[in-house]
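K.L.:
Dropping in final-v8.pdb, which is PDB, C-alpha atoms and all ligand atoms:
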```pdb
ATOM      1  CA  MET A   1     177.474   3.208  88.888  1.00  0.00           C
ATOM      2  CA  THR A   2     179.172   4.190  85.647  1.00  0.00           C
ATOM      3  CA  ALA A   3     179.810   7.899  85.177  1.00  0.00           C
ATOM      4  CA  SER A   4     179.845   9.470  81.724  1.00  0.00           C
ATOM      5  CA  VAL A   5     182.776  11.580  80.565  1.00  0.00           C
ATOM      6  CA  ARG A   6     180.426  14.540  80.811  1.00  0.00           C
ATOM      7  CA  GLY A   7     179.597  13.728  84.419  1.00  0.00           C
ATOM      8  CA  LEU A   8     183.084  14.055  85.820  1.00  0.00           C
ATOM      9  CA  ARG A   9     182.874  17.450  87.429  1.00  0.00           C
ATOM     10  CA  ILE A  10     184.232  16.952  90.947  1.00  0.00           C
ATOM     11  CA  GLY A  11     183.463  19.342  93.799  1.00  0.00           C
ATOM     12  CA  VAL A  12     186.697  20.385  95.490  1.00  0.00           C
ATOM     13  CA  SER A  13     185.721  23.237  97.823  1.00  0.00           C
ATOM     14  CA  GLU A  14     186.341  21.142 100.951  1.00  0.00           C
ATOM     15  CA  LEU A  15     189.620  19.802  99.574  1.00  0.00           C
ATOM     16  CA  ARG A  16     190.829  23.290  98.714  1.00  0.00           C
ATOM     17  CA  ARG A  17     190.409  24.504 102.273  1.00  0.00           C
ATOM     18  CA  HIS A  18     193.182  22.161 103.355  1.00  0.00           C
ATOM     19  CA  PRO A  19     196.289  22.323 101.151  1.00  0.00           C
ATOM     20  CA  GLY A  20     198.122  19.014 101.204  1.00  0.00           C
ATOM     21  CA  GLU A  21     194.922  17.016 101.655  1.00  0.00           C
ATOM     22  CA  ARG A  22     193.978  14.283  99.209  1.00  0.00           C
ATOM     23  CA  MET A  23     190.813  12.876  97.729  1.00  0.00           C
ATOM     24  CA  ARG A  24     190.506   9.701  95.716  1.00  0.00           C
ATOM     25  CA  VAL A  25     188.239   9.366  92.700  1.00  0.00           C
ATOM     26  CA  ASP A  26     187.813   5.718  91.759  1.00  0.00           C
ATOM     27  CA  ARG A  27     185.021   4.906  89.355  1.00  0.00           C
ATOM     28  CA  ALA A  28     183.917   3.217  86.173  1.00  0.00           C
ATOM     29  CA  ILE A  29     183.637   5.605  83.236  1.00  0.00           C
ATOM     30  CA  ASP A  30     181.443   5.227  80.175  1.00  0.00           C
ATOM     31  CA  LEU A  31     183.816   5.735  77.229  1.00  0.00           C
ATOM     32  CA  ASP A  32     181.302   4.732  74.532  1.00  0.00           C
ATOM     33  CA  GLY A  33     181.995   6.215  71.128  1.00  0.00           C
ATOM     34  CA  ILE A  34     185.676   6.943  71.690  1.00  0.00           C
ATOM     35  CA  GLU A  35     187.655   5.690  68.700  1.00  0.00           C
ATOM     36  CA  VAL A  36     190.590   6.236  66.365  1.00  0.00           C
ATOM     37  CA  SER A  37     191.055   4.771  62.861  1.00  0.00           C
ATOM     38  CA  THR A  38     192.757   1.622  64.207  1.00  0.00           C
ATOM     39  CA  ALA A  39     190.800   0.840  67.384  1.00  0.00           C
ATOM     40  CA  ALA A  40     187.730   1.781  69.410  1.00  0.00           C
ATOM     41  CA  VAL A  41     186.266   1.357  72.869  1.00  0.00           C
ATOM     42  CA  PRO A  42     183.836  -1.590  72.485  1.00  0.00           C
ATOM     43  CA  ALA A  43     180.162  -0.632  72.687  1.00  0.00           C
ATOM     44  CA  GLY A  44     178.869  -1.009  76.219  1.00  0.00           C
ATOM     45  CA  ALA A  45     182.324  -1.509  77.742  1.00  0.00           C
ATOM     46  CA  SER A  46     183.445   0.915  80.417  1.00  0.00           C
ATOM     47  CA  GLY A  47     186.842   2.238  81.358  1.00  0.00           C
ATOM     48  CA  HIS A  48     188.106   2.770  84.864  1.00  0.00           C
ATOM     49  CA  LEU A  49     189.488   5.932  86.399  1.00  0.00           C
ATOM     50  CA  ASP A  50     191.494   5.749  89.610  1.00  0.00           C
ATOM     51  CA  VAL A  51     193.103   9.048  90.564  1.00  0.00           C
ATOM     52  CA  VAL A  52     194.085  11.015  93.636  1.00  0.00           C
ATOM     53  CA  LEU A  53     193.361  14.744  93.765  1.00  0.00           C
ATOM     54  CA  GLU A  54     195.769  16.659  95.952  1.00  0.00           C
ATOM     55  CA  SER A  55     195.196  20.208  97.062  1.00  0.00           C
ATOM     56  CA  LEU A  56     197.951  22.774  96.511  1.00  0.00           C
ATOM     57  CA  SER A  57     197.875  26.385  97.676  1.00  0.00           C
ATOM     58  CA  ASP A  58     197.092  27.553  94.141  1.00  0.00           C
ATOM     59  CA  GLY A  59     195.609  24.520  92.450  1.00  0.00           C
ATOM     60  CA  ILE A  60     195.055  20.784  92.403  1.00  0.00           C
ATOM     61  CA  THR A  61     197.119  17.905  91.071  1.00  0.00           C
ATOM     62  CA  VAL A  62     195.463  14.844  89.592  1.00  0.00           C
ATOM     63  CA  THR A  63     197.563  11.686  89.587  1.00  0.00           C
ATOM     64  CA  GLY A  64     196.611   8.094  88.825  1.00  0.00           C
ATOM     65  CA  THR A  65     195.605   5.736  86.063  1.00  0.00           C
ATOM     66  CA  LEU A  66     192.948   5.313  83.422  1.00  0.00           C
ATOM     67  CA  ARG A  67     192.145   1.848  82.047  1.00  0.00           C
ATOM     68  CA  VAL A  68     190.686   1.832  78.558  1.00  0.00           C
ATOM     69  CA  PRO A  69     189.245  -1.334  76.967  1.00  0.00           C
ATOM     70  CA  TRP A  70     189.725  -1.466  73.191  1.00  0.00           C
ATOM     71  CA  THR A  71     188.976  -3.584  70.163  1.00  0.00           C
ATOM     72  CA  GLY A  72     190.465  -3.448  66.666  1.00  0.00           C
ATOM     73  CA  PRO A  73     191.977  -5.578  63.901  1.00  0.00           C
ATOM     74  CA  CYS A  74     195.435  -7.063  64.570  1.00  0.00           C
ATOM     75  CA  ARG A  75     197.970  -5.321  62.335  1.00  0.00           C
ATOM     76  CA  ARG A  76     199.489  -8.649  61.262  1.00  0.00           C
ATOM     77  CA  CYS A  77     196.706 -11.266  61.008  1.00  0.00           C
ATOM     78  CA  LEU A  78     193.803  -8.781  60.701  1.00  0.00           C
ATOM     79  CA  GLU A  79     191.733 -10.804  63.206  1.00  0.00           C
ATOM     80  CA  GLU A  80     189.591  -8.714  65.528  1.00  0.00           C
ATOM     81  CA  THR A  81     191.461  -8.457  68.803  1.00  0.00           C
ATOM     82  CA  THR A  82     190.844  -6.802  72.162  1.00  0.00           C
ATOM     83  CA  GLY A  83     192.862  -5.490  75.063  1.00  0.00           C
ATOM     84  CA  ILE A  84     192.976  -3.039  77.941  1.00  0.00           C
ATOM     85  CA  ALA A  85     195.302  -0.054  77.782  1.00  0.00           C
ATOM     86  CA  GLU A  86     196.399   1.396  81.104  1.00  0.00           C
ATOM     87  CA  VAL A  87     197.798   4.906  81.067  1.00  0.00           C
ATOM     88  CA  ARG A  88     199.237   7.149  83.766  1.00  0.00           C
ATOM     89  CA  LEU A  89     197.628  10.511  84.394  1.00  0.00           C
ATOM     90  CA  ARG A  90     199.391  13.483  85.887  1.00  0.00           C
ATOM     91  CA  GLU A  91     197.845  16.894  85.476  1.00  0.00           C
ATOM     92  CA  VAL A  92     197.779  20.178  87.343  1.00  0.00           C
ATOM     93  CA  TYR A  93     194.646  22.323  87.538  1.00  0.00           C
ATOM     94  CA  ALA A  94     195.477  25.883  88.551  1.00  0.00           C
ATOM     95  CA  ASP A  95     193.494  28.975  89.551  1.00  0.00           C
ATOM     96  CA  ARG A  96     195.467  31.025  87.079  1.00  0.00           C
ATOM     97  CA  PRO A  97     197.068  28.715  84.509  1.00  0.00           C
ATOM     98  CA  THR A  98     200.355  30.243  83.390  1.00  0.00           C
ATOM     99  CA  ASP A  99     201.223  27.900  80.541  1.00  0.00           C
ATOM    100  CA  ASP A 100     199.616  25.341  78.249  1.00  0.00           C
ATOM    101  CA  ASP A 101     200.431  22.432  80.549  1.00  0.00           C
ATOM    102  CA  LEU A 102     198.124  23.698  83.278  1.00  0.00           C
ATOM    103  CA  LEU A 103     194.358  23.265  83.100  1.00  0.00           C
ATOM    104  CA  PRO A 104     192.017  25.859  84.577  1.00  0.00           C
ATOM    105  CA  LEU A 105     190.234  25.336  87.865  1.00  0.00           C
ATOM    106  CA  ASP A 106     186.617  26.314  87.578  1.00  0.00           C
ATOM    107  CA  GLY A 107     185.654  27.852  90.915  1.00  0.00           C
ATOM    108  CA  ASP A 108     185.107  25.112  93.459  1.00  0.00           C
ATOM    109  CA  SER A 109     185.012  22.255  91.004  1.00  0.00           C
ATOM    110  CA  VAL A 110     187.298  20.541  88.577  1.00  0.00           C
ATOM    111  CA  ASP A 111     186.024  18.899  85.393  1.00  0.00           C
ATOM    112  CA  LEU A 112     187.983  15.700  84.745  1.00  0.00           C
ATOM    113  CA  GLY A 113     185.860  14.928  81.656  1.00  0.00           C
ATOM    114  CA  PRO A 114     188.018  16.543  78.944  1.00  0.00           C
ATOM    115  CA  LEU A 115     191.183  15.094  80.520  1.00  0.00           C
ATOM    116  CA  VAL A 116     189.698  11.589  80.647  1.00  0.00           C
ATOM    117  CA  HIS A 117     188.343  11.869  77.093  1.00  0.00           C
ATOM    118  CA  ASP A 118     191.658  13.034  75.594  1.00  0.00           C
ATOM    119  CA  THR A 119     193.654  10.494  77.587  1.00  0.00           C
ATOM    120  CA  ALA A 120     191.366   7.674  76.426  1.00  0.00           C
ATOM    121  CA  VAL A 121     191.784   8.692  72.767  1.00  0.00           C
ATOM    122  CA  LEU A 122     195.580   8.676  73.143  1.00  0.00           C
ATOM    123  CA  ALA A 123     195.474   5.315  74.946  1.00  0.00           C
ATOM    124  CA  LEU A 124     193.911   3.484  71.987  1.00  0.00           C
ATOM    125  CA  PRO A 125     196.550   1.466  70.080  1.00  0.00           C
ATOM    126  CA  LEU A 126     197.594   2.772  66.654  1.00  0.00           C
ATOM    127  CA  ALA A 127     198.881  -0.678  65.637  1.00  0.00           C
ATOM    128  CA  PRO A 128     196.911  -3.360  67.533  1.00  0.00           C
ATOM    129  CA  LEU A 129     198.530  -6.760  67.925  1.00  0.00           C
ATOM    130  CA  CYS A 130     196.629  -9.898  69.030  1.00  0.00           C
ATOM    131  CA  THR A 131     199.725 -11.440  70.622  1.00  0.00           C
ATOM    132  CA  GLU A 132     203.363 -10.340  70.703  1.00  0.00           C
ATOM    133  CA  ASP A 133     204.399 -13.321  68.568  1.00  0.00           C
ATOM    134  CA  CYS A 134     201.537 -13.159  66.045  1.00  0.00           C
ATOM    135  CA  VAL A 135     203.009 -14.553  62.807  1.00  0.00           C
ATOM    136  CA  GLY A 136     200.465 -13.004  60.459  1.00  0.00           C
ATOM    137  CA  PRO A 137     197.562 -14.310  58.392  1.00  0.00           C
ATOM    138  CA  ALA A 138     196.335 -17.872  58.833  1.00  0.00           C
ATOM    139  CA  PRO A 139     197.535 -20.047  55.871  1.00  0.00           C
ATOM    140  CA  ASP A 140     193.894 -20.745  54.834  1.00  0.00           C
ATOM    141  CA  THR A 141     193.320 -17.041  54.282  1.00  0.00           C
ATOM    142  CA  PHE A 142     196.450 -16.304  52.292  1.00  0.00           C
ATOM    143  CA  PRO A 143     197.959 -19.597  50.951  1.00  0.00           C
ATOM    144  CA  VAL A 144     201.696 -19.766  51.369  1.00  0.00           C
ATOM    145  CA  ARG A 145     203.732 -21.594  48.707  1.00  0.00           C
ATOM    146  CA  THR A 146     205.489 -24.561  50.230  1.00  0.00           C
ATOM    147  CA  ALA A 147     208.644 -26.264  48.948  1.00  0.00           C
ATOM    148  CA  GLU A 148     206.480 -29.148  47.642  1.00  0.00           C
ATOM    149  CA  ASP A 149     204.356 -26.809  45.515  1.00  0.00           C
ATOM    150  CA  VAL A 150     207.478 -25.435  43.898  1.00  0.00           C
ATOM    151  CA  GLN A 151     208.818 -28.942  43.227  1.00  0.00           C
ATOM    152  CA  GLU A 152     205.634 -29.988  41.425  1.00  0.00           C
ATOM    153  CA  ARG A 153     205.987 -27.114  39.016  1.00  0.00           C
ATOM    154  CA  THR A 154     209.529 -28.096  38.059  1.00  0.00           C
ATOM    155  CA  ASP A 155     209.794 -29.224  34.437  1.00  0.00           C
ATOM    156  CA  PRO A 156     210.680 -32.975  34.335  1.00  0.00           C
ATOM    157  CA  ARG A 157     213.471 -32.161  31.840  1.00  0.00           C
ATOM    158  CA  TRP A 158     215.234 -30.106  34.483  1.00  0.00           C
ATOM    159  CA  ALA A 159     215.028 -33.086  36.797  1.00  0.00           C
ATOM    160  CA  ALA A 160     217.090 -35.034  34.223  1.00  0.00           C
ATOM    161  CA  LEU A 161     219.681 -32.230  34.176  1.00  0.00           C
ATOM    162  CA  ASP A 162     219.838 -32.325  37.960  1.00  0.00           C
ATOM    163  CA  ALA A 163     220.654 -36.027  37.756  1.00  0.00           C
ATOM    164  CA  LEU A 164     223.436 -35.314  35.210  1.00  0.00           C
ATOM    165  CA  ARG A 165     224.962 -32.698  37.430  1.00  0.00           C
ATOM    166  CA  PHE A 166     224.909 -35.167  40.272  1.00  0.00           C
ATOM    167  CA  ASP A 167     226.843 -37.706  38.189  1.00  0.00           C
ATOM    168  CA  GLN A 168     229.424 -35.087  37.283  1.00  0.00           C
ATOM    169  CA  GLY A 169     229.823 -34.284  40.907  1.00  0.00           C
ATOM    170  CA  SER A 170     230.485 -37.919  41.670  1.00  0.00           C
ATOM    171  CA  ASP A 171     233.170 -38.034  38.953  1.00  0.00           C
ATOM    172  CA  ASP A 172     234.847 -34.958  40.355  1.00  0.00           C
ATOM    173  CA  ARG A 173     235.103 -36.576  43.710  1.00  0.00           C
ATOM    174  CA  LEU A 174     236.633 -39.693  42.186  1.00  0.00           C
ATOM    175  CA  GLU A 175     239.496 -37.779  40.531  1.00  0.00           C
TER     176      GLU A 175
HETATM  177 ZN    ZN A 201     197.437 -11.271  64.985  1.00  0.00          ZN
END
```
Could the structure of this file be written out as structure tokens, please?
P.N.:
Amino acid sequence: MTASVRGLRIGVSELRRHPGERMRVDRAIDLDGIEVSTAAVPAGASGHLDVVLESLSDGITVTGTLRVPWTGPCRRCLEETTGIAEVRLREVYADRPTDDDLLPLDGDSVDLGPLVHDTAVLALPLAPLCTEDCVGPAPDTFPVRTAEDVQERTDPRWAALDALRFDQGSDDRLE
């Protein structure tokens, strides 16, 4: 079953009774609609969250990975390309958050939704690349001038000059 980002509130009352204990959350997540200007989660594709919640005396740590499928135009050849970004998660939810790095614990549950949403947005590539060695646009799309093209445009009179220069060169070598 695929959970939505809004359905990621996890009950932790049992976990919190035993500091040091762990609970794994491993599930497919519907990330539909998450996008940035350069890439987006493909419609209908789901991400995957695999984290371990560990109970502390005054909070819960969440550690693991989020896999985010994406699609977007390659920054070099502009072809539509796809990939899967995998990002590490490490967050602390605390009863009384003391600084901006800590997220609040909400009674006996923790809502992983906002964390997963924000992490997915940051995981999308800002400069997608179809392959590491992509050389850019296909020649049919943007014609590249070859050496032959340039030759054809050379004025025949210059060709005669080239021949003269060659002769001179031969003379020089003879001296
Ligand atoms: Zn490319």
K.L.:
Please, which residues in chain A fall within 12 Å of ligand ZN 201 (chain A) when counting only C-alpha atoms and all ligand atoms, and what is the closest atom pair and distance in Å to one decimal for each, ordered by chain then residue number, as JSON lines?
P.N.:
```
{"residue": "A:Gly72", "atom": "CA", "partner": "A:ZN201", "partner_atom": "ZN", "distance": 10.6}
{"residue": "A:Pro73", "atom": "CA", "partner": "A:ZN201", "partner_atom": "ZN", "distance": 8.0}
{"residue": "A:Cys74", "atom": "CA", "partner": "A:ZN201", "partner_atom": "ZN", "distance": 4.7}
{"residue": "A:Arg75", "atom": "CA", "partner": "A:ZN201", "partner_atom": "ZN", "distance": 6.5}
{"residue": "A:Arg76", "atom": "CA", "partner": "A:ZN201", "partner_atom": "ZN", "distance": 5.0}
{"residue": "A:Cys77", "atom": "CA", "partner": "A:ZN201", "partner_atom": "ZN", "distance": 4.0}
{"residue": "A:Leu78", "atom": "CA", "partner": "A:ZN201", "partner_atom": "ZN", "distance": 6.1}
{"residue": "A:Glu79", "atom": "CA", "partner": "A:ZN201", "partner_atom": "ZN", "distance": 6.0}
{"residue": "A:Glu80", "atom": "CA", "partner": "A:ZN201", "partner_atom": "ZN", "distance": 8.3}
{"residue": "A:Thr81", "atom": "CA", "partner": "A:ZN201", "partner_atom": "ZN", "distance": 7.6}
{"residue": "A:Thr82", "atom": "CA", "partner": "A:ZN201", "partner_atom": "ZN", "distance": 10.7}
{"residue": "A:Ala127", "atom": "CA", "partner": "A:ZN201", "partner_atom": "ZN", "distance": 10.7}
{"residue": "A:Pro128", "atom": "CA", "partner": "A:ZN201", "partner_atom": "ZN", "distance": 8.3}
{"residue": "A:Leu129", "atom": "CA", "partner": "A:ZN201", "partner_atom": "ZN", "distance": 5.5}
{"residue": "A:Cys130", "atom": "CA", "partner": "A:ZN201", "partner_atom": "ZN", "distance": 4.3}
{"residue": "A:Thr131", "atom": "CA", "partner": "A:ZN201", "partner_atom": "ZN", "distance": 6.1}
{"residue": "A:Glu132", "atom": "CA", "partner": "A:ZN201", "partner_atom": "ZN", "distance": 8.3}
{"residue": "A:Asp133", "atom": "CA", "partner": "A:ZN201", "partner_atom": "ZN", "distance": 8.1}
{"residue": "A:Cys134", "atom": "CA", "partner": "A:ZN201", "partner_atom": "ZN", "distance": 4.6}
{"residue": "A:Val135", "atom": "CA", "partner": "A:ZN201", "partner_atom": "ZN", "distance": 6.8}
{"residue": "A:Gly136", "atom": "CA", "partner": "A:ZN201", "partner_atom": "ZN", "distance": 5.7}
{"residue": "A:Pro137", "atom": "CA", "partner": "A:ZN201", "partner_atom": "ZN", "distance": 7.3}
{"residue": "A:Ala138", "atom": "CA", "partner": "A:ZN201", "partner_atom": "ZN", "distance": 9.1}
```
K.L.:
Hey, what comes out of the PyMOL selection byres (((chain A and resi 11) around 10) and not hetatm) on this file? Could you write it as JSON, numbers by chain?
P.N.:
{"A": [8, 9, 10, 12, 13, 14, 15, 16, 106, 107, 108, 109, 110, 111]}
K.L.:
Store the residues of this selection in a file with C-alpha atoms, as a short mmCIF file (atom, residue, chain, number, x, y, z; two decimals), in the frame of the given file.
P.N.:
```
data_model
loop_
_atom_site.label_atom_id
_atom_site.label_comp_id
_atom_site.auth_asym_id
_atom_site.auth_seq_id
_atom_site.Cartn_x
_atom_site.Cartn_y
_atom_site.Cartn_z
CA LEU A 8 183.08 14.06 85.82
CA ARG A 9 182.87 17.45 87.43
CA ILE A 10 184.23 16.95 90.95
CA VAL A 12 186.70 20.39 95.49
CA SER A 13 185.72 23.24 97.82
CA GLU A 14 186.34 21.14 100.95
CA LEU A 15 189.62 19.80 99.57
CA ARG A 16 190.83 23.29 98.71
CA ASP A 106 186.62 26.31 87.58
CA GLY A 107 185.65 27.85 90.92
CA ASP A 108 185.11 25.11 93.46
CA SER A 109 185.01 22.26 91.00
CA VAL A 110 187.30 20.54 88.58
CA ASP A 111 186.02 18.90 85.39
#
```
K.L.:
Which residue, A:Glu21, A:Glu91, A:Glu54, A:Asp30, has the smallest gap to Val68 (chain A) when you use only C-alpha atoms?
P.N.:
A:Asp30
K.L.:
Show which residues sit within 12 Å of region 97-102 of chain A, as a ChimeraX atom specification. Count only C-alpha atoms, and ignore same-chain residues fewer than 2 positions away.
P.N.:
/A:58-62,90-95,104-106,115
K.L.:
Evaluating the PyMOL selection byres (((chain A and resi 45) around 10) and not hetatm) on the displayed file yields which residues, as a list in words?
P.N.:
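Selected by the PyMOL selection byres (((chain A and resi 45) around 10) and not hetatm) in this file: Ala28, Ile29, Asp30, Leu31, Asp32, Val41, Pro42, Ala43, Gly44, Ser46, Gly47, Val68, Pro69 and Trp70 of chain A.
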K.L.:
Please compute the CA of Thr119 (chain A)-CA of Arg22 (chain A) distance, one decimal, in Å.
P.N.:
22.0 Å
K.L.:
What is the CA of Arg96 (chain A)-CA of Val5 (chain A) distance in Å, reported with one decimal?
P.N.:
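Between CA of Arg96 (chain A) and CA of Val5 (chain A) the gap works out to 24.1 Å.
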K.L.:
Please report the interatomic distance between CA of Gly7 (chain A) and CA of Leu56 (chain A) in Å with one decimal.
P.N.:
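So the answer is 23.8 Å.
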K.L.:
Quick one: of A:Val116, A:Ser57, A:Thr71, A:Val87, who's nearest to Arg17 (chain A), counting all atoms listed in the file?
P.N.:
A:Ser57
K.L.:
Counting all atoms listed in the file, which of A:Val52, A:Leu66, A:Leu89, A:Leu112 gets nearest to Gly20 (chain A)?
P.N.:
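Selected residue with least distance to Gly20 (chain A): A:Val52.
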K.L.:
Which residue, A:Leu103, A:Val25, A:Ala3, A:Ile34, has the smallest gap to His117 (chain A) when you use all atoms listed in the file?
P.N.:
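Selected residue with least distance to His117 (chain A): A:Ile34.
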K.L.:
Just so the selection is clear, what residues does the PyMOL selection byres (((chain A and resi 26) around 7) and not hetatm) cover here, as a list of chain:residue names?
P.N.:
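When the PyMOL selection byres (((chain A and resi 26) around 7) and not hetatm) is applied to the shown file, the picked residues are A:Arg24, A:Val25, A:Arg27, A:Leu49, A:Asp50, A:Val51.
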K.L.:
Next, dump the selected residues to file, keeping only C-alpha atoms, as a CSV table (one decimal), in the coordinates of the input.
P.N.:
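To be explicit, this is the file written out as again.csv:
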```csv
chain,number,residue,atom,x,y,z
A,24,ARG,CA,190.5,9.7,95.7
A,25,VAL,CA,188.2,9.4,92.7
A,27,ARG,CA,185.0,4.9,89.4
A,49,LEU,CA,189.5,5.9,86.4
A,50,ASP,CA,191.5,5.7,89.6
A,51,VAL,CA,193.1,9.0,90.6
```
